[in-house]
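Visitor: File input24.txt follows (compact mmCIF, C-alpha atoms and all ligand atoms):
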# COMPACT_ATOMS: atom_id res chain seq x y z
CA MET W 23 34.84 147.55 -6.20
CA ALA W 24 35.77 143.91 -5.79
CA SER W 25 39.38 144.86 -6.39
CA SER W 26 39.42 147.16 -3.37
CA PRO W 27 41.66 145.82 -0.58
CA TYR W 28 38.82 146.41 1.88
CA PHE W 29 36.27 144.38 -0.08
CA SER W 30 36.86 141.16 1.86
CA LEU W 31 36.69 143.12 5.12
CA ALA W 32 33.31 144.51 4.15
CA VAL W 33 32.01 141.04 3.33
CA LEU W 34 33.26 139.71 6.67
CA PHE W 35 31.70 142.66 8.45
CA LEU W 36 28.32 141.99 6.88
CA ALA W 37 28.58 138.30 7.72
CA ALA W 38 29.40 139.14 11.34
CA LEU W 39 26.45 141.51 11.48
CA ALA W 40 24.10 138.89 10.07
CA PHE W 41 25.48 136.28 12.50
CA GLY W 42 24.44 138.47 15.40
CA LEU W 43 21.22 139.89 14.06
CA THR W 44 19.64 136.76 12.57
CA PRO W 45 19.05 134.94 15.89
CA LEU W 46 17.71 138.15 17.42
CA GLY W 47 15.38 138.64 14.46
CA LEU W 48 14.21 135.04 14.58
CA ALA W 49 13.54 135.29 18.31
CA TRP W 50 11.59 138.48 17.78
CA LEU W 51 9.59 136.90 14.97
CA TRP W 52 8.87 133.80 17.07
CA GLY W 53 7.67 136.00 19.92
CA LYS W 54 5.43 138.01 17.59
CA LEU W 55 3.94 134.95 15.92
CA PHE W 56 3.50 132.43 18.70
CA SER W 57 3.54 133.92 22.16
CA PRO W 58 0.59 136.10 23.08
CA ALA W 59 1.57 139.18 25.07
CA LYS W 60 -0.06 139.35 28.47
CA PRO W 61 0.87 142.71 29.90
CA ASN W 62 -0.74 143.96 33.08
CA ALA W 63 -0.30 146.83 35.47
CA ILE W 64 1.80 144.88 37.98
CA LYS W 65 4.07 143.43 35.31
CA ASN W 66 4.67 146.77 33.64
CA ALA W 67 5.23 148.59 36.91
CA ILE W 68 8.69 149.96 37.69
CA TYR W 69 10.91 147.26 39.15
CA GLU W 70 12.00 148.25 42.62
CA CYS W 71 13.08 145.04 44.33
CA GLY W 72 9.47 143.96 44.59
CA LEU W 73 8.27 147.02 46.44
CA GLU W 74 5.82 149.45 44.97
CA SER W 75 7.67 152.50 43.78
CA LYS W 76 6.79 155.69 45.58
CA GLY W 77 7.36 159.27 44.52
CA ASP W 78 9.71 160.60 41.88
CA ALA W 79 13.32 159.66 41.32
CA TRP W 80 14.07 163.19 40.09
CA MET W 81 14.06 164.86 43.47
CA GLN W 82 16.51 167.57 44.48
CA PHE W 83 19.27 167.12 47.00
CA HIS W 84 19.97 169.91 49.45
CA SER W 85 23.06 171.86 48.41
CA ALA W 86 24.09 172.22 52.08
CA TYR W 87 25.89 168.94 51.64
CA TYR W 88 28.68 170.61 49.74
CA LEU W 89 29.86 172.37 52.92
CA TYR W 90 30.47 168.99 54.57
CA ALA W 91 32.26 167.87 51.45
CA ILE W 92 34.59 170.87 51.51
CA ILE W 93 35.38 170.57 55.22
CA PHE W 94 36.04 166.88 54.77
CA LEU W 95 38.31 167.59 51.82
CA ILE W 96 40.37 170.13 53.79
CA PHE W 97 41.09 167.69 56.59
CA ASP W 98 41.68 164.91 54.12
CA VAL W 99 44.42 166.97 52.49
CA GLU W 100 45.76 167.92 55.90
CA ALA W 101 46.37 164.24 56.60
CA VAL W 102 48.56 164.13 53.52
CA PHE W 103 50.74 166.90 54.97
CA LEU W 104 50.77 165.34 58.43
CA LEU W 105 52.15 162.06 57.19
CA PRO W 106 55.64 163.30 56.08
CA PHE W 107 55.72 165.41 59.23
CA ALA W 108 55.11 162.34 61.38
CA VAL W 109 57.70 160.32 59.46
CA ALA W 110 60.42 163.01 59.85
CA PHE W 111 59.32 163.97 63.36
CA THR W 112 62.39 162.76 65.30
CA GLY W 113 64.82 164.70 63.12
CA LEU W 114 62.95 168.01 63.20
CA GLY W 115 63.98 171.16 65.00
CA ALA W 116 61.76 173.32 67.22
CA ALA W 117 61.08 175.81 64.41
CA ALA W 118 59.73 173.13 62.09
CA CYS W 119 57.47 171.77 64.83
CA LEU W 120 56.21 175.26 65.57
CA ALA W 121 55.45 175.85 61.88
CA MET W 122 53.49 172.63 61.72
CA LEU W 123 51.57 173.55 64.88
CA VAL W 124 50.62 176.88 63.35
CA PHE W 125 49.45 175.10 60.21
CA VAL W 126 47.27 172.67 62.16
CA LEU W 127 45.90 175.40 64.42
CA MET W 128 44.99 177.45 61.37
CA LEU W 129 42.85 174.59 60.10
CA VAL W 130 41.33 174.00 63.54
CA GLU W 131 40.44 177.68 63.64
CA GLY W 132 38.67 177.24 60.32
CA LEU W 133 36.74 174.29 61.74
CA ALA W 134 35.77 176.31 64.81
CA TRP W 135 34.61 179.11 62.56
CA ALA W 136 32.50 176.71 60.45
CA TRP W 137 31.06 175.22 63.61
CA ALA W 138 30.16 178.65 64.99
CA LYS W 139 28.56 179.52 61.67
CA GLY W 140 26.33 176.48 62.06
CA ALA W 141 27.73 174.69 59.00
CA LEU W 142 27.93 171.41 60.90
CA THR W 143 24.23 171.32 61.73
CA TRP W 144 22.17 169.45 59.18
CA ALA W 145 19.48 171.78 57.96
CA MET S 30 6.81 113.42 11.25
CA ALA S 31 8.50 112.15 14.33
CA VAL S 32 11.35 109.69 14.05
CA ASP S 33 11.21 106.99 16.72
CA ASP S 34 13.96 106.87 19.31
CA GLY S 35 15.56 103.62 18.19
CA LEU S 36 15.97 104.86 14.66
CA LYS S 37 17.32 108.15 15.95
CA ILE S 38 20.07 106.39 17.92
CA GLU S 39 20.83 104.18 14.94
CA LEU S 40 21.15 107.22 12.66
CA GLY S 41 23.26 108.98 15.29
CA LYS S 42 25.77 106.13 15.16
CA GLN S 43 26.10 106.77 11.44
CA GLY S 44 26.74 110.45 12.05
CA ILE S 45 23.27 111.65 11.08
CA PHE S 46 21.40 113.68 13.64
CA VAL S 47 17.68 114.20 13.32
CA THR S 48 15.63 116.46 15.51
CA THR S 49 12.40 118.42 15.58
CA ILE S 50 11.83 122.12 16.08
CA GLU S 51 10.18 121.29 19.37
CA GLU S 52 13.14 119.30 20.61
CA LEU S 53 15.60 121.95 19.55
CA TYR S 54 13.51 124.71 21.09
CA ASN S 55 13.08 122.92 24.40
CA TRP S 56 16.73 121.93 24.47
CA GLY S 57 17.63 125.59 24.16
CA ARG S 58 15.18 126.56 26.87
CA LYS S 59 16.20 123.91 29.35
CA SER S 60 19.91 124.58 28.91
CA SER S 61 19.69 128.29 29.60
CA ILE S 62 17.58 128.75 32.69
CA PHE S 63 18.33 132.11 34.26
CA PRO S 64 17.35 132.04 37.94
CA MET S 65 16.47 135.23 39.71
CA GLN S 66 18.96 136.40 42.27
CA PHE S 67 17.21 136.56 45.56
CA GLY S 68 17.22 134.56 48.74
CA LEU S 69 14.89 134.73 51.68
CA ALA S 70 16.50 132.87 54.58
CA CYS S 71 18.91 130.11 55.56
CA CYS S 72 18.04 128.02 52.48
CA ALA S 73 19.54 130.77 50.33
CA ILE S 74 22.97 129.90 51.76
CA GLU S 75 22.62 126.41 50.32
CA MET S 76 21.48 127.94 47.04
CA ILE S 77 24.64 130.07 46.99
CA ALA S 78 26.72 126.98 47.76
CA THR S 79 25.08 125.22 44.83
CA THR S 80 26.25 127.89 42.43
CA MET S 81 29.84 127.79 43.67
CA ALA S 82 32.69 125.69 42.33
CA ARG S 83 32.10 122.60 44.45
CA TYR S 84 28.56 121.90 43.21
CA ASP S 85 28.82 124.03 40.08
CA LEU S 86 25.33 124.78 38.89
CA ALA S 87 26.93 126.11 35.70
CA ARG S 88 26.97 122.54 34.44
CA PHE S 89 23.22 122.90 33.94
CA GLY S 90 23.43 126.23 32.18
CA ALA S 91 21.83 127.95 35.14
CA GLU S 92 24.68 129.87 36.72
CA ILE S 93 23.59 133.28 35.52
CA PHE S 94 21.60 134.67 38.42
CA ARG S 95 19.87 137.78 37.12
CA PRO S 96 19.38 140.70 39.47
CA SER S 97 16.22 141.78 37.67
CA PRO S 98 13.01 139.78 37.18
CA ARG S 99 12.80 141.04 33.59
CA GLN S 100 15.73 138.83 32.61
CA ALA S 101 15.00 135.80 34.76
CA ASP S 102 12.84 132.81 34.02
CA LEU S 103 13.22 130.81 37.21
CA MET S 104 12.37 131.90 40.70
CA ILE S 105 13.93 129.88 43.51
CA ILE S 106 11.92 130.55 46.65
CA SER S 107 14.81 129.77 48.96
CA GLY S 108 13.64 130.18 52.49
CA THR S 109 10.99 131.44 54.84
CA VAL S 110 8.33 133.56 53.22
CA THR S 111 7.05 135.85 55.93
CA LYS S 112 3.70 137.52 55.48
CA LYS S 113 5.55 140.79 55.21
CA MET S 114 7.64 139.44 52.33
CA ALA S 115 4.93 137.51 50.47
CA PRO S 116 3.50 140.52 48.54
CA GLN S 117 7.00 141.36 47.29
CA VAL S 118 7.59 137.78 46.16
CA VAL S 119 4.29 137.69 44.28
CA ARG S 120 4.97 141.08 42.71
CA LEU S 121 8.41 139.93 41.55
CA TYR S 122 6.83 136.79 40.11
CA ASN S 123 4.41 138.98 38.20
CA GLN S 124 7.24 141.07 36.84
CA MET S 125 9.15 138.12 35.44
CA ALA S 126 9.00 137.56 31.70
CA GLU S 127 7.23 134.48 30.33
CA PRO S 128 7.85 131.58 30.46
CA LYS S 129 8.50 131.51 34.19
CA TYR S 130 9.10 128.62 36.53
CA VAL S 131 9.23 128.35 40.29
CA ILE S 132 11.20 126.04 42.58
CA ALA S 133 10.03 126.07 46.19
CA MET S 134 13.16 125.23 48.16
CA GLY S 135 12.96 123.95 51.69
CA ALA S 136 10.30 123.19 54.26
CA CYS S 137 9.55 126.87 54.81
CA ALA S 138 8.76 127.69 51.21
CA ILE S 139 6.64 124.56 50.85
CA SER S 140 4.57 124.79 53.99
CA GLY S 141 5.95 127.24 56.53
CA GLY S 142 8.24 124.53 57.84
CA PRO S 143 9.43 124.96 61.43
CA PHE S 144 7.47 128.19 61.64
CA LYS S 145 4.17 126.73 60.52
CA GLN S 146 2.55 127.52 63.86
CA GLY S 147 3.82 131.09 63.76
CA TYR S 148 1.49 134.00 63.12
CA ASN S 149 3.79 135.76 60.70
CA VAL S 150 4.92 133.09 58.26
CA LEU S 151 3.15 132.17 55.05
CA LYS S 152 2.22 128.50 55.04
CA GLY S 153 3.58 127.73 51.61
CA ILE S 154 4.22 130.04 48.66
CA ASP S 155 2.05 127.85 46.44
CA ARG S 156 -0.93 129.67 47.92
CA TYR S 157 -0.19 132.58 45.62
CA ILE S 158 1.94 131.39 42.71
CA PRO S 159 2.16 128.11 40.83
CA VAL S 160 5.14 126.04 41.94
CA ASP S 161 6.78 123.63 39.50
CA VAL S 162 9.17 121.75 41.78
CA HIS S 163 9.08 121.36 45.56
CA ILE S 164 12.24 120.29 47.41
CA PRO S 165 11.85 119.13 51.00
CA GLY S 166 14.57 119.63 53.59
CA CYS S 167 15.65 122.13 56.19
CA PRO S 168 17.73 123.19 54.38
CA PRO S 169 17.85 120.90 51.34
CA ARG S 170 21.39 119.96 50.41
CA PRO S 171 22.85 121.43 47.22
CA GLU S 172 22.43 118.02 45.61
CA ALA S 173 18.71 118.34 46.24
CA LEU S 174 18.61 121.71 44.49
CA ILE S 175 20.49 120.21 41.57
CA GLN S 176 17.95 117.39 41.54
CA ALA S 177 15.23 120.02 41.40
CA PHE S 178 16.98 121.64 38.45
CA MET S 179 17.13 118.35 36.63
CA THR S 180 13.47 117.72 37.38
CA LEU S 181 12.62 121.14 36.00
CA GLN S 182 14.72 120.49 32.91
CA LYS S 183 12.84 117.25 32.36
CA LYS S 184 9.58 119.13 32.71
CA ILE S 185 10.63 121.76 30.19
CA GLU S 186 11.85 119.06 27.83
CA GLY S 187 8.48 117.31 27.99
CA GLN S 188 6.38 120.37 27.21
CA HIS S 189 4.85 120.21 23.76
CA LEU S 190 4.60 123.45 21.87
CA THR S 191 0.92 122.96 21.13
CA GLY S 192 -2.02 121.39 22.87
CA ALA S 193 -2.71 121.02 26.56
CA GLY S 194 0.26 121.44 28.89
CA ARG S 195 2.14 123.72 26.53
CA PRO S 196 4.47 126.26 28.12
CA ARG S 197 2.77 129.29 29.61
CA HIS S 198 4.18 131.77 27.12
CA LEU S 199 2.55 129.96 24.19
CA ASP S 200 -0.80 129.71 25.93
CA ALA S 201 -3.09 132.69 25.51
CA GLU S 202 -5.38 131.32 28.23
CA ALA S 203 -2.71 130.97 30.93
CA GLN S 204 -3.17 133.30 33.85
CA GLY S 205 -1.11 136.43 33.26
CA GLU S 206 -1.69 138.42 36.41
CA PHE S 207 -1.35 136.97 39.87
CA PRO S 208 -3.05 139.19 42.45
CA VAL S 209 -0.61 140.63 44.96
CA PRO S 210 -1.90 140.12 48.51
CA VAL S 211 -2.08 143.08 50.88
CA GLN S 212 -1.70 143.22 54.64
CA GLY S 213 -5.16 142.90 56.14
CA GLU S 214 -6.11 143.38 59.75
CA HIS S 215 -5.13 139.86 60.84
CA ASP S 216 -3.75 138.16 57.77
CA LEU S 217 -2.90 138.68 54.15
CA GLU S 218 -5.88 139.51 51.96
CA PRO S 219 -6.78 137.42 50.01
CA LYS S 220 -5.57 134.39 51.97
CA SER S 221 -4.73 132.56 48.74
CA ASN S 222 -5.03 132.84 44.99
CA PRO S 223 -7.98 130.57 44.13
CA GLY S 224 -6.59 130.11 40.62
CA VAL S 225 -3.56 128.19 41.86
CA TRP S 226 -4.55 126.87 45.30
CA SER S 227 -7.78 125.88 46.91
CA VAL S 228 -8.25 125.77 50.66
CA PRO S 229 -8.14 122.12 51.70
CA VAL S 230 -11.16 120.73 53.47
CA VAL S 231 -10.22 119.57 56.95
CA ILE S 232 -11.91 116.27 57.76
CA ARG S 233 -12.36 115.80 61.48
S1 LIG E 1 13.52 125.33 55.47
FE1 LIG E 1 14.94 125.41 57.21
S2 LIG E 1 16.86 126.08 56.29
FE2 LIG E 1 15.26 126.57 54.84
S3 LIG E 1 14.63 128.66 55.29
FE3 LIG E 1 13.31 127.32 56.45
S4 LIG E 1 14.27 127.15 58.45
FE4 LIG E 1 15.81 127.91 57.04
Is it possible to give me this structure as structure tokens?
Guide:
Amino acid sequence: MASSPYFSLAVLFLAALAFGLTPLGLAWLWGKLFSPAKPNAIKNAIYECGLESKGDAWMQFHSAYYLYAIIFLIFDVEAVFLLPFAVAFTGLGAAACLAMLVFVLMLVEGLAWAWAKGALTWA
Amino acid sequence: MAVDDGLKIELGKQGIFVTTIEELYNWGRKSSIFPMQFGLACCAIEMIATTMARYDLARFGAEIFRPSPRQADLMIISGTVTKKMAPQVVRLYNQMAEPKYVIAMGACAISGGPFKQGYNVLKGIDRYIPVDVHIPGCPPRPEALIQAFMTLQKKIEGQHLTGAGRPRHLDAEAQGEFPVPVQGEHDLEPKSNPGVWSVPVVIR
């Protein structure tokens, strides 16, 4: 075993482990032996910036939020298309401008539809 | 057996260092004070300045401001403690791990300061929790906070591990729970923690 090329590595690994764990173990032992634990309800309470915690953290969020997310995403992506259009604007012909207008109007129509459906009202 | 100071210095010159467990233990404690990261008012700005490069609190081993009371052992009450805020401060103090120390920074934290006549400001945080070092000033300069740190370090250094005046975490008798005041009809209830502060008698 000692002839294995990894033997020295294993020894170093164990030494490194002991180097880290010994102080932790000593601190734990010191705490156990010398410092009396004084737990109480306030000390053990959940830490919430000093306020008393209220309710449960595992509450459910309304799924309606995903509609906002999708509408936001659509117009976010639209901005990406608008940018090259704006950059090349002066060199564009009437047909290209018309195509872009149709594209934007299509998205606006979608927004109007979502609005009419009541998707923009927080329920 | 303790070695007297003169002999210790003499041995040190020869390259021999002697120490005691107590000295080593307290040296470790005083050189790694973790303050809790919270400020209450204008004094907190000076506290922040103290931690920055110009004043460099790191020289005292106290630059690690912990965002949770579980990991902190020093509370710097830096600013005005309103009656609305006092219960939170006391609760945070309760939630800190032993041993815990408190520096009351500025006139407000000591006594209510410029707002002493106000209806909504606590007249000194030492009504509810034990304060180790008071620093006067409005606000105290960063040098004053550093002075407070050094005073606290001296205090920690001087604490024997046994007998009277030993650090709180080694003392089974030391008060563990500090009652959190609640908002009463006109004032906080109770008005003070009788274990740490007694109402002074006004002589007229
Ligand atoms: S002592 Fe002065 S500087 Fe400090 S919190 Fe009070 S008013 Fe502000």
Visitor: Which chain S residues have any atom within 10 Å of an atom of ligand LIG 1 (chain E), and for each, what is the nearest pair of atoms with distance in Å to one decimal, counting all atoms listed in the file, rows sorted by chain and number, as a tab-separated table?
Guide:
residue	atom	partner	partner_atom	distance
S:Gly68	CA	E:LIG1	S3	9.2
S:Leu69	CA	E:LIG1	S3	7.1
S:Ala70	CA	E:LIG1	S3	4.7
S:Cys71	CA	E:LIG1	FE4	4.1
S:Cys72	CA	E:LIG1	FE2	3.9
S:Ala73	CA	E:LIG1	S3	7.3
S:Ile74	CA	E:LIG1	S2	8.5
S:Glu75	CA	E:LIG1	S2	8.3
S:Ile106	CA	E:LIG1	S3	9.3
S:Ser107	CA	E:LIG1	S3	6.4
S:Gly108	CA	E:LIG1	S3	3.3
S:Thr109	CA	E:LIG1	S3	4.6
S:Val110	CA	E:LIG1	S3	8.2
S:Ala133	CA	E:LIG1	S1	9.9
S:Met134	CA	E:LIG1	FE2	7.1
S:Gly135	CA	E:LIG1	S1	4.1
S:Ala136	CA	E:LIG1	S1	4.1
S:Cys137	CA	E:LIG1	FE3	4.1
S:Ala138	CA	E:LIG1	S1	6.8
S:Ile139	CA	E:LIG1	S1	8.3
S:Ser140	CA	E:LIG1	S1	9.1
S:Gly141	CA	E:LIG1	FE3	7.4
S:Gly142	CA	E:LIG1	S1	5.8
S:Pro143	CA	E:LIG1	S4	6.1
S:Phe144	CA	E:LIG1	S4	7.6
S:Ile164	CA	E:LIG1	S1	9.6
S:Pro165	CA	E:LIG1	S1	7.8
S:Gly166	CA	E:LIG1	S1	6.1
S:Cys167	CA	E:LIG1	FE1	3.5
S:Pro168	CA	E:LIG1	S2	3.6
S:Pro169	CA	E:LIG1	FE2	7.1
S:Arg170	CA	E:LIG1	S2	9.6
Visitor: Give me the chain W side of the contact with chain S, cut-off 10 Å, one line per residue showing its nearest atom pair and distance in Å at one decimal, counting all atoms listed in the file, sorted by chain and residue number, as JSON lines.
Guide:
{"residue": "W:Gly53", "atom": "CA", "partner": "S:Leu199", "partner_atom": "CA", "distance": 9.0}
{"residue": "W:Leu55", "atom": "CA", "partner": "S:Leu199", "partner_atom": "CA", "distance": 9.8}
{"residue": "W:Phe56", "atom": "CA", "partner": "S:Leu199", "partner_atom": "CA", "distance": 6.1}
{"residue": "W:Ser57", "atom": "CA", "partner": "S:Leu199", "partner_atom": "CA", "distance": 4.6}
{"residue": "W:Pro58", "atom": "CA", "partner": "S:Ala201", "partner_atom": "CA", "distance": 5.6}
{"residue": "W:Ala59", "atom": "CA", "partner": "S:Ala201", "partner_atom": "CA", "distance": 8.0}
{"residue": "W:Lys60", "atom": "CA", "partner": "S:Gly205", "partner_atom": "CA", "distance": 5.7}
{"residue": "W:Pro61", "atom": "CA", "partner": "S:Gly205", "partner_atom": "CA", "distance": 7.4}
{"residue": "W:Asn62", "atom": "CA", "partner": "S:Glu206", "partner_atom": "CA", "distance": 6.5}
{"residue": "W:Ala63", "atom": "CA", "partner": "S:Glu206", "partner_atom": "CA", "distance": 8.6}
{"residue": "W:Ile64", "atom": "CA", "partner": "S:Asn123", "partner_atom": "CA", "distance": 6.5}
{"residue": "W:Lys65", "atom": "CA", "partner": "S:Gln124", "partner_atom": "CA", "distance": 4.2}
{"residue": "W:Asn66", "atom": "CA", "partner": "S:Gln124", "partner_atom": "CA", "distance": 7.0}
{"residue": "W:Ala67", "atom": "CA", "partner": "S:Gln124", "partner_atom": "CA", "distance": 7.8}
{"residue": "W:Ile68", "atom": "CA", "partner": "S:Gln124", "partner_atom": "CA", "distance": 9.0}
{"residue": "W:Tyr69", "atom": "CA", "partner": "S:Gln124", "partner_atom": "CA", "distance": 7.6}
{"residue": "W:Glu70", "atom": "CA", "partner": "S:Leu121", "partner_atom": "CA", "distance": 9.1}
{"residue": "W:Cys71", "atom": "CA", "partner": "S:Leu121", "partner_atom": "CA", "distance": 7.5}
{"residue": "W:Gly72", "atom": "CA", "partner": "S:Gln117", "partner_atom": "CA", "distance": 4.5}
{"residue": "W:Leu73", "atom": "CA", "partner": "S:Gln117", "partner_atom": "CA", "distance": 5.9}
{"residue": "W:Glu74", "atom": "CA", "partner": "S:Gln117", "partner_atom": "CA", "distance": 8.5}
Visitor: Do a neighbour search on Lys113 of chain S at 9 Å with all atoms listed in the file, toss out local chain neighbours closer than 6 positions, and write the hits as number ranges by chain.
Guide: S: 149-151, 212, 217
Visitor: Write to file, as a compact mmCIF listing (two decimals), keeping the file's coordinate frame, the residues of the selection just made, with C-alpha atoms.
Guide:
# COMPACT_ATOMS: atom_id res chain seq x y z
CA ASN S 149 3.79 135.76 60.70
CA VAL S 150 4.92 133.09 58.26
CA LEU S 151 3.15 132.17 55.05
CA GLN S 212 -1.70 143.22 54.64
CA LEU S 217 -2.90 138.68 54.15
Visitor: What is the atom CA of Lys145 of chain S to atom CA of Ala78 of chain S distance in Å?
Guide: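 Taking atom CA of Lys145 of chain S and atom CA of Ala78 of chain S, their separation equals 25.9 Å.
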Visitor: Just give me the gap between atom CA of Gln176 of chain S and atom CA of Val162 of chain S in Å, one decimal is fine.
Guide: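 Computed distance, atom CA of Gln176 of chain S to atom CA of Val162 of chain S, equals 9.8 Å.
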Visitor: Which value, in Å to one decimal, gives the distance between atom CA of Phe41 of chain W and atom CA of Ser25 of chain W?
Guide: 25.0 Å
Visitor: Show which residues sit within 12 Å of Asp85 of chain S, as a ChimeraX atom specification. Count all atoms listed in the file, and ignore same-chain residues fewer than 4 positions away.
Guide: /S:76-81,89-93,171-172,174-175
Visitor: With 8 Å of padding per side, what axis-aligned box (centre and edge lengths, Å, one decimal) covers all the listed atoms of segment 125-144 of chain W? Give it as lines of an AutoDock Vina configuration file.
Guide:
center_x = 35.8
center_y = 174.5
center_z = 62.0
size_x = 43.3
size_y = 26.1
size_z = 22.0
Visitor: Can I get segment 91-109 of chain W with N, CA, C and O atoms filled in, as a short mmCIF file (atom, residue, chain, number, x, y, z; two decimals), in the coordinates of the input?
Guide:
data_model
loop_
_atom_site.label_atom_id
_atom_site.label_comp_id
_atom_site.auth_asym_id
_atom_site.auth_seq_id
_atom_site.Cartn_x
_atom_site.Cartn_y
_atom_site.Cartn_z
N ALA W 91 31.29 168.42 52.39
CA ALA W 91 32.26 167.87 51.45
C ALA W 91 33.55 168.68 51.49
O ALA W 91 34.64 168.13 51.52
N ILE W 92 33.40 170.01 51.54
CA ILE W 92 34.59 170.87 51.51
C ILE W 92 35.38 170.72 52.80
O ILE W 92 36.61 170.57 52.79
N ILE W 93 34.68 170.70 53.94
CA ILE W 93 35.38 170.57 55.22
C ILE W 93 36.10 169.22 55.27
O ILE W 93 37.26 169.13 55.70
N PHE W 94 35.41 168.21 54.79
CA PHE W 94 36.04 166.88 54.77
C PHE W 94 37.30 166.90 53.91
O PHE W 94 38.34 166.38 54.28
N LEU W 95 37.19 167.57 52.76
CA LEU W 95 38.31 167.59 51.82
C LEU W 95 39.52 168.28 52.44
O LEU W 95 40.65 167.80 52.31
N ILE W 96 39.27 169.38 53.17
CA ILE W 96 40.37 170.13 53.79
C ILE W 96 41.14 169.24 54.76
O ILE W 96 42.37 169.16 54.72
N PHE W 97 40.39 168.50 55.61
CA PHE W 97 41.09 167.69 56.59
C PHE W 97 41.68 166.43 55.97
O PHE W 97 42.64 165.88 56.49
N ASP W 98 41.11 166.03 54.88
CA ASP W 98 41.68 164.91 54.12
C ASP W 98 43.06 165.28 53.60
O ASP W 98 44.03 164.55 53.73
N VAL W 99 43.15 166.50 53.05
CA VAL W 99 44.42 166.97 52.49
C VAL W 99 45.42 167.23 53.62
O VAL W 99 46.61 166.98 53.48
N GLU W 100 44.89 167.67 54.75
CA GLU W 100 45.76 167.92 55.90
C GLU W 100 46.48 166.64 56.30
O GLU W 100 47.67 166.66 56.65
N ALA W 101 45.76 165.53 56.23
CA ALA W 101 46.37 164.24 56.60
C ALA W 101 47.56 163.94 55.72
O ALA W 101 48.56 163.38 56.17
N VAL W 102 47.45 164.35 54.44
CA VAL W 102 48.56 164.13 53.52
C VAL W 102 49.80 164.89 53.97
O VAL W 102 50.92 164.40 53.88
N PHE W 103 49.60 166.12 54.50
CA PHE W 103 50.74 166.90 54.97
C PHE W 103 51.27 166.36 56.29
O PHE W 103 52.45 166.46 56.58
N LEU W 104 50.37 165.82 57.11
CA LEU W 104 50.77 165.34 58.43
C LEU W 104 51.65 164.11 58.33
O LEU W 104 52.50 163.89 59.18
N LEU W 105 51.43 163.32 57.29
CA LEU W 105 52.15 162.06 57.19
C LEU W 105 53.67 162.25 57.09
O LEU W 105 54.42 161.69 57.91
N PRO W 106 54.17 163.08 56.13
CA PRO W 106 55.64 163.30 56.08
C PRO W 106 56.15 163.93 57.36
O PRO W 106 57.26 163.65 57.81
N PHE W 107 55.33 164.77 57.97
CA PHE W 107 55.72 165.41 59.23
C PHE W 107 55.95 164.34 60.29
O PHE W 107 56.95 164.34 61.02
N ALA W 108 55.01 163.39 60.37
CA ALA W 108 55.11 162.34 61.38
C ALA W 108 56.32 161.45 61.11
O ALA W 108 57.01 161.03 62.03
N VAL W 109 56.59 161.20 59.81
CA VAL W 109 57.70 160.32 59.46
C VAL W 109 59.03 160.97 59.85
O VAL W 109 59.94 160.32 60.40
#
